[in-house]
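Shown next: final.csv, containing CSV, C-alpha atoms (C1' of nucleotides).
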chain,number,residue,atom,x,y,z
A,41,MET,CA,-17.1,17.0,5.1
A,42,LYS,CA,-17.8,14.2,7.5
A,43,SER,CA,-16.6,10.8,6.5
A,44,MET,CA,-17.8,7.7,8.1
A,45,PRO,CA,-16.8,4.2,7.4
A,46,SER,CA,-20.1,3.2,6.1
A,47,ASN,CA,-23.8,2.8,6.2
A,48,PHE,CA,-23.3,-0.9,6.5
A,49,SER,CA,-23.7,-3.1,9.5
A,50,ALA,CA,-20.5,-3.9,11.3
A,51,GLY,CA,-19.1,-7.3,10.5
A,52,GLU,CA,-21.0,-7.7,7.2
A,53,LEU,CA,-19.1,-8.2,4.0
A,54,LEU,CA,-18.9,-5.0,2.0
A,55,PRO,CA,-21.0,-5.4,-1.2
A,56,LEU,CA,-19.7,-5.1,-4.7
A,57,SER,CA,-21.3,-1.7,-5.0
A,58,PHE,CA,-18.9,-0.4,-2.4
A,59,TYR,CA,-16.2,-0.5,-5.0
A,60,ALA,CA,-18.1,1.1,-7.8
A,61,GLY,CA,-16.9,4.6,-7.4
A,62,SER,CA,-13.6,6.4,-7.9
A,63,ALA,CA,-10.5,5.6,-5.9
A,64,LEU,CA,-10.5,9.2,-4.6
A,65,GLU,CA,-13.9,8.7,-2.9
A,66,ALA,CA,-13.1,5.1,-1.9
A,67,ALA,CA,-9.9,6.0,-0.1
A,68,PRO,CA,-11.3,7.9,2.8
A,69,ARG,CA,-14.3,5.6,2.9
A,70,LEU,CA,-12.1,2.6,3.4
A,71,LEU,CA,-10.8,4.1,6.7
A,72,GLY,CA,-12.4,2.2,9.6
A,73,GLN,CA,-13.4,-0.8,7.5
A,74,THR,CA,-12.2,-4.2,8.5
A,75,LEU,CA,-9.6,-6.1,6.5
A,76,VAL,CA,-9.9,-9.9,7.0
A,77,ARG,CA,-7.1,-12.3,6.2
A,78,GLU,CA,-7.8,-16.0,6.5
A,79,THR,CA,-4.6,-18.0,7.3
A,80,GLU,CA,-4.0,-21.5,8.3
A,81,GLU,CA,-3.8,-20.3,11.9
A,82,GLY,CA,-7.2,-18.7,11.6
A,83,ALA,CA,-8.6,-15.3,10.6
A,84,ILE,CA,-6.8,-12.0,11.3
A,85,ARG,CA,-8.9,-8.9,11.5
A,86,CYS,CA,-7.7,-5.4,11.4
A,87,ARG,CA,-8.9,-1.8,11.0
A,88,ILE,CA,-7.7,0.2,8.0
A,89,VAL,CA,-6.3,3.5,9.3
A,90,GLU,CA,-4.3,4.9,6.4
A,91,THR,CA,-4.9,4.8,2.6
A,92,GLU,CA,-3.8,6.4,-0.6
A,93,SER,CA,-5.8,7.0,-3.8
A,94,TYR,CA,-4.2,6.2,-7.2
A,95,GLY,CA,-6.8,7.1,-9.7
A,96,GLY,CA,-7.1,7.0,-13.4
A,97,ILE,CA,-4.7,7.1,-16.4
A,98,GLU,CA,-3.9,10.8,-15.8
A,99,ASP,CA,-2.3,10.3,-12.4
A,100,LYS,CA,1.4,10.3,-12.9
A,101,GLY,CA,1.8,8.5,-9.6
A,102,SER,CA,-0.2,5.5,-10.7
A,103,HIS,CA,1.2,2.3,-12.3
A,104,ALA,CA,-1.6,2.7,-14.8
A,105,TYR,CA,-0.5,6.2,-15.8
A,106,GLY,CA,-1.1,6.8,-19.5
A,107,GLY,CA,-3.2,3.7,-19.8
A,108,ARG,CA,-0.3,1.4,-19.3
A,109,ARG,CA,-1.9,-2.0,-19.4
A,110,THR,CA,0.5,-4.8,-18.7
A,111,ALA,CA,0.5,-8.2,-17.0
A,112,ARG,CA,1.2,-6.4,-13.7
A,113,THR,CA,-1.4,-3.7,-14.0
A,114,GLU,CA,-4.1,-5.9,-15.7
A,115,ILE,CA,-6.1,-6.4,-12.5
A,116,MET,CA,-6.5,-2.6,-12.1
A,117,PHE,CA,-8.4,-2.6,-15.4
A,118,GLY,CA,-10.9,-5.0,-14.1
A,119,GLU,CA,-14.1,-4.2,-12.1
A,120,GLY,CA,-13.7,-2.8,-8.6
A,121,GLY,CA,-13.6,-5.2,-5.7
A,122,ALA,CA,-10.4,-7.1,-6.5
A,123,ALA,CA,-7.1,-6.9,-4.7
A,124,TYR,CA,-4.1,-5.6,-6.6
A,125,ILE,CA,-0.9,-6.8,-5.1
A,126,TYR,CA,2.6,-6.1,-6.4
A,127,LEU,CA,6.2,-6.6,-5.4
A,128,ILE,CA,8.2,-3.5,-4.6
A,129,TYR,CA,12.0,-3.1,-4.2
A,130,GLY,CA,12.3,-6.8,-4.8
A,131,MET,CA,11.3,-7.7,-1.3
A,132,TYR,CA,8.1,-6.1,-0.1
A,133,HIS,CA,4.5,-6.4,-1.2
A,134,CYS,CA,1.9,-3.7,-1.4
A,135,LEU,CA,-1.9,-4.3,-1.2
A,136,ASN,CA,-4.4,-2.2,-3.1
A,137,VAL,CA,-8.2,-2.2,-3.4
A,138,VAL,CA,-9.3,-1.9,-7.0
A,139,THR,CA,-12.3,0.4,-7.6
A,140,GLY,CA,-14.3,1.7,-10.5
A,141,PRO,CA,-15.8,0.1,-13.6
A,142,ARG,CA,-14.0,-2.1,-16.0
A,143,ASP,CA,-11.3,-0.5,-18.2
A,144,ASP,CA,-10.9,2.4,-15.7
A,145,PRO,CA,-7.8,1.6,-13.7
A,146,GLN,CA,-8.1,3.0,-10.2
A,147,ALA,CA,-6.9,1.6,-6.9
A,148,VAL,CA,-6.4,2.5,-3.2
A,149,LEU,CA,-3.2,1.6,-1.5
A,150,ILE,CA,-3.7,0.3,2.0
A,151,ARG,CA,-0.8,1.9,4.0
A,152,ALA,CA,-1.6,1.0,7.6
A,153,VAL,CA,-3.8,-1.2,9.6
A,154,GLU,CA,-4.5,-1.8,13.3
A,155,PRO,CA,-5.2,-5.2,14.8
A,156,LEU,CA,-8.7,-5.4,16.3
A,157,THR,CA,-8.0,-7.7,19.1
A,158,GLN,CA,-5.1,-9.0,21.1
A,159,HIS,CA,-5.5,-12.3,19.3
A,160,ASP,CA,-5.1,-10.5,15.9
A,161,GLU,CA,-2.1,-8.6,17.2
A,162,ALA,CA,-0.5,-11.8,18.5
A,163,LEU,CA,-0.7,-13.4,15.1
A,164,MET,CA,0.6,-10.3,13.3
A,165,ARG,CA,3.5,-10.1,15.7
A,166,LEU,CA,4.3,-13.7,15.0
A,167,HIS,CA,4.7,-12.9,11.3
A,168,ARG,CA,6.7,-9.8,11.9
A,169,GLY,CA,9.3,-11.4,14.2
A,170,SER,CA,10.6,-9.5,17.1
A,171,ARG,CA,10.7,-6.1,15.4
A,172,ALA,CA,7.6,-4.5,16.5
A,173,ARG,CA,8.5,-2.3,19.4
A,174,ARG,CA,6.0,0.4,18.6
A,175,PRO,CA,2.5,0.1,16.9
A,176,ALA,CA,3.7,1.6,13.6
A,177,ASP,CA,6.5,-1.0,13.5
A,178,LEU,CA,4.0,-3.8,13.4
A,179,SER,CA,1.7,-2.7,10.6
A,180,GLY,CA,2.3,1.0,9.9
A,181,GLY,CA,3.5,0.9,6.2
A,182,PRO,CA,2.3,-1.0,3.1
A,183,GLY,CA,5.2,-3.5,3.2
A,184,LYS,CA,4.9,-4.1,6.9
A,185,LEU,CA,1.2,-4.8,6.9
A,186,CYS,CA,1.6,-7.3,4.1
A,187,ARG,CA,4.3,-9.1,6.1
A,188,ALA,CA,2.1,-9.1,9.2
A,189,LEU,CA,-0.9,-10.5,7.3
A,190,LEU,CA,1.0,-12.9,5.1
A,191,ILE,CA,0.0,-11.1,1.9
A,192,ASP,CA,1.9,-11.8,-1.3
A,193,LYS,CA,1.3,-12.0,-5.0
A,194,SER,CA,-0.5,-15.3,-4.6
A,195,LEU,CA,-3.5,-13.2,-3.4
A,196,ASN,CA,-3.4,-10.9,-6.4
A,197,GLY,CA,-6.9,-10.7,-7.8
A,198,ALA,CA,-8.6,-11.9,-4.6
A,199,LEU,CA,-12.2,-10.9,-4.5
A,200,LEU,CA,-12.6,-8.7,-1.5
A,201,HIS,CA,-16.4,-8.9,-1.6
A,202,SER,CA,-16.5,-12.7,-1.6
A,203,SER,CA,-17.3,-14.6,1.6
A,204,THR,CA,-15.0,-17.4,0.5
A,205,SER,CA,-12.0,-15.2,-0.3
A,206,PRO,CA,-8.8,-15.6,1.9
A,207,LEU,CA,-8.7,-11.8,1.8
A,208,ARG,CA,-11.8,-9.7,2.1
A,209,LEU,CA,-13.4,-6.6,3.5
A,210,GLU,CA,-16.1,-6.2,6.2
A,211,ALA,CA,-17.9,-3.2,7.3
A,212,GLY,CA,-16.2,-1.7,10.4
A,213,ALA,CA,-16.1,1.3,12.6
A,214,PRO,CA,-13.7,4.2,13.4
A,215,PRO,CA,-11.5,3.8,16.4
A,216,ALA,CA,-13.4,4.3,19.7
A,217,GLY,CA,-12.1,6.9,22.1
A,218,PRO,CA,-11.6,10.6,22.2
A,219,ALA,CA,-13.0,12.6,19.3
A,220,GLY,CA,-9.6,13.1,17.8
A,221,ASP,CA,-9.2,9.3,17.3
A,222,SER,CA,-11.7,9.4,14.4
A,223,ALA,CA,-10.5,12.8,12.9
A,224,ILE,CA,-9.3,12.3,9.4
A,225,ILE,CA,-6.4,14.1,7.8
A,226,ALA,CA,-5.8,14.5,4.0
A,227,ALA,CA,-2.1,14.9,3.0
A,228,PRO,CA,0.2,14.3,0.1
A,229,ARG,CA,1.1,10.7,-0.8
A,230,ILE,CA,4.4,9.1,0.2
A,231,ASN,CA,7.4,8.5,-2.0
A,232,ILE,CA,6.0,9.6,-5.3
A,233,ALA,CA,8.2,12.6,-6.1
A,234,TYR,CA,8.4,11.3,-9.7
A,235,ALA,CA,4.7,12.1,-10.1
A,236,ALA,CA,5.4,15.7,-10.9
A,237,GLU,CA,2.3,17.9,-10.4
A,238,TYR,CA,0.5,15.0,-8.9
A,239,ALA,CA,3.0,14.5,-6.1
A,240,ASP,CA,1.5,17.2,-4.0
A,241,MET,CA,-2.2,16.2,-4.3
A,242,PRO,CA,-3.6,15.5,-0.9
A,243,TRP,CA,-4.7,12.0,-1.7
A,244,ARG,CA,-3.5,10.2,1.4
A,245,PHE,CA,-6.0,9.8,4.2
A,246,TYR,CA,-5.4,8.7,7.8
A,247,TYR,CA,-6.8,8.9,11.3
A,248,ARG,CA,-5.0,11.9,12.8
A,249,ASP,CA,-4.1,10.4,16.2
A,250,ASN,CA,-3.7,6.8,15.3
A,251,PRO,CA,-0.4,5.2,16.4
A,252,TYR,CA,-0.4,2.8,13.6
A,253,VAL,CA,-0.2,5.4,10.9
A,254,SER,CA,3.1,5.3,9.0
A,255,VAL,CA,3.8,9.0,8.5
A,256,VAL,CA,2.2,11.9,10.3
A,257,ASP,CA,2.2,15.3,8.5
A,258,LYS,CA,2.9,18.1,10.8
A,259,GLU,CA,2.5,20.9,8.2
A,260,ARG,CA,1.0,19.7,5.0
A,261,GLY,CA,-1.9,17.7,6.4
A,262,ILE,CA,-5.4,19.3,6.4
A,263,PRO,CA,-8.6,18.1,8.0
A,264,TYR,CA,-10.7,16.1,5.6
B,230,DA,C1',18.9,-8.8,-24.5
B,231,DC,C1',20.0,-5.1,-21.6
B,232,DC,C1',19.3,-1.9,-17.9
B,233,DA,C1',17.6,1.6,-14.6
B,234,DC,C1',14.6,1.9,-11.0
B,235,DG,C1',10.8,1.5,-7.6
B,236,DA,C1',3.4,3.4,-4.1
B,237,DT,C1',9.8,0.2,1.3
B,238,DC,C1',12.1,-1.1,5.3
B,239,DG,C1',15.7,-2.0,8.6
B,240,DT,C1',20.2,-0.8,10.1
B,241,DC,C1',23.8,2.2,10.8
B,242,DT,C1',26.0,6.8,11.8
C,178,DG,C1',19.6,11.4,7.9
C,179,DA,C1',21.8,8.1,4.8
C,180,DC,C1',22.3,3.8,2.6
C,181,DG,C1',21.9,-1.0,1.0
C,182,DA,C1',19.0,-5.1,0.1
C,183,DT,C1',16.9,-7.5,-3.9
C,184,DC,C1',14.2,-8.6,-8.2
C,185,DG,C1',10.1,-7.8,-11.1
C,186,DT,C1',8.8,-4.6,-14.3
C,187,DG,C1',8.7,-1.7,-18.2
C,188,DG,C1',11.3,1.0,-21.6
C,189,DT,C1',14.6,0.8,-25.0
C,190,DA,C1',17.3,-1.6,-28.7

Rewrite the coordinates I just gave you, this time as structure tokens.
Amino acid sequence: MKSMPSNFSAGELLPLSFYAGSALEAAPRLLGQTLVRETEEGAIRCRIVETESYGGIEDKGSHAYGGRRTARTEIMFGEGGAAYIYLIYGMYHCLNVVTGPRDDPQAVLIRAVEPLTQHDEALMRLHRGSRARRPADLSGGPGKLCRALLIDKSLNGALLHSSTSPLRLEAGAPPAGPAGDSAIIAAPRINIAYAAEYADMPWRFYYRDNPYVSVVDKERGIPY
DNA sequence: ACCACGATCGTCT
DNA sequence: GACGATCGTGGTA
């Protein structure tokens, strides 16, 4: 099955309807789209290159498993299009895109992004300190990309489809270059061994040859 | 009130 | 490959 970022024009805000479907269909569709973060230093734009689907109350890997509706997960129970941001391990934040209708908690974890221009990369490096020696060190990983883009819980609930939001999504394009650069792999999600039978579901999606991807599966990944 | 633990990362061996 | 950092969250009492 071919997946392309969208049928939308590059640079345009993704409409509310983009978020109406399930997390499982949104996860691969989010690859190639542009995440925009407005900071005091200006906008930072980057391409989404790795995602994970966390869908529905039956997914044992999801914070909303079993219908758990708490202060933290509340935003997931809202209509698709909002950002769900939480703190993990007491020191890192993770960014999710909420999808689906109200009262159906689904979200897509953004696991890796790639700066679009040198200007974007420079700002991201600034926020990451001197660590980033390789591309994946800069923004390959959910905690790293939130650091690079200054994303924390103050942005929880941000409307990604709103032109005035400090965090939003625009239609983008797959990486340019050799054919392999836009080849998509589906593989098991990272660090969810506790999810039992859901731990092995191939619900992680990423561009096969992209250097910003956090973890590359040598055996378990399959073409999407 | 108490407590175990996590959709991670950086450092060290 | 192993381990510690660090604290909000959710389950239990």

Taking all atoms listed in the file into account, produce a table as CSV in which each residue of chain B with an atom at most 12 Å from an atom of chain A appears once, together with its shortest atom pair and the distance in Å to one decimal, ordered by chain and rising number.
residue,atom,partner,partner_atom,distance
B:DC234,C1',A:Tyr129,CA,8.8
B:DG235,C1',A:Tyr129,CA,5.8
B:DA236,C1',A:Asn231,CA,6.8
B:DT237,C1',A:Gly183,CA,6.2
B:DC238,C1',A:Gly183,CA,7.6
B:DG239,C1',A:Arg171,CA,9.4

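Between chain C and the candidates A:Leu163, A:Met241, A:Ala152, A:Ala104, the tightest atom-to-atom separation, counting only C-alpha atoms (C1' of nucleotides), involves A:Ala104.
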
### Spatial neighbours of range 244-255 of chain A, max dist 6 Å, all atoms listed in the file, sep filter under 2 positions, as a PyMOL selection string
chain A and resi 68+89-92+152+175-176+180-181+221-229+242

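In this structure, C1' of DT189 in chain C sits 25.0 Å away from CA of Met116 in chain A.
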
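Around DT240 in chain B, within 12 Å and counting all atoms listed in the file, the residues found are DC238 and DT242 of chain B; DA179, DC180, DG181 and DA182 of chain C, once anything fewer than 2 positions away on its own chain is removed.
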
Write to file, as a PDB file, keeping the file's coordinate frame, the residues of the selection just made, with C-alpha atoms (C1' of nucleotides).
ATOM      1  C1'  DC B 238      12.100  -1.100   5.300  1.00  0.00           C
ATOM      2  C1'  DT B 242      26.000   6.800  11.800  1.00  0.00           C
TER       3       DT B 242
ATOM      4  C1'  DA C 179      21.800   8.100   4.800  1.00  0.00           C
ATOM      5  C1'  DC C 180      22.300   3.800   2.600  1.00  0.00           C
ATOM      6  C1'  DG C 181      21.900  -1.000   1.000  1.00  0.00           C
ATOM      7  C1'  DA C 182      19.000  -5.100   0.100  1.00  0.00           C
TER       8       DA C 182
END

### Query
Which neighbours of DG188 in chain C fall inside 12 Å, counting only C-alpha atoms (C1' of nucleotides), when residues of the same chain fewer than 4 positions from it are skipped, and could you give them as a ChimeraX atom specification?
/A:108 /B:231-234

### Expected answer as a PyMOL selection string: all residues with atoms within 8 Å of (-3.8, 3.7, -19.2), only C-alpha atoms (C1' of nucleotides)
chain A and resi 96-98+104-109+145

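Rounded to one decimal, CA of Gly61 in chain A and CA of Gly121 in chain A lie 10.5 Å from each other.
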
### Query
So which residues touch Asn196 in chain A within 7 Å, counting all atoms listed in the file, skipping near sequence neighbours fewer than 3 positions away, as a list in words?
Ala123, Tyr124, Ile125 and Lys193 of chain A

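Counting all atoms listed in the file, Leu70 in chain A has the following residues at most 10 Å away, ignoring those fewer than 4 positions along the same chain: A:Ser43, A:Met44, A:Pro45, A:Ser46, A:Phe58, A:Tyr59, A:Ala63, A:Glu65, A:Ala66, A:Thr74, A:Leu75, A:Arg87, A:Ile88, A:Val89, A:Glu90, A:Thr91, A:Glu92, A:Val137, A:Val148, A:Ile150, A:Leu209, A:Ala211, A:Gly212, A:Phe245.
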
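In this comparison, which uses all atoms listed in the file, the residue of A:Arg85, A:Arg77, A:Arg69, A:Arg112 approaching chain C most closely is A:Arg112.
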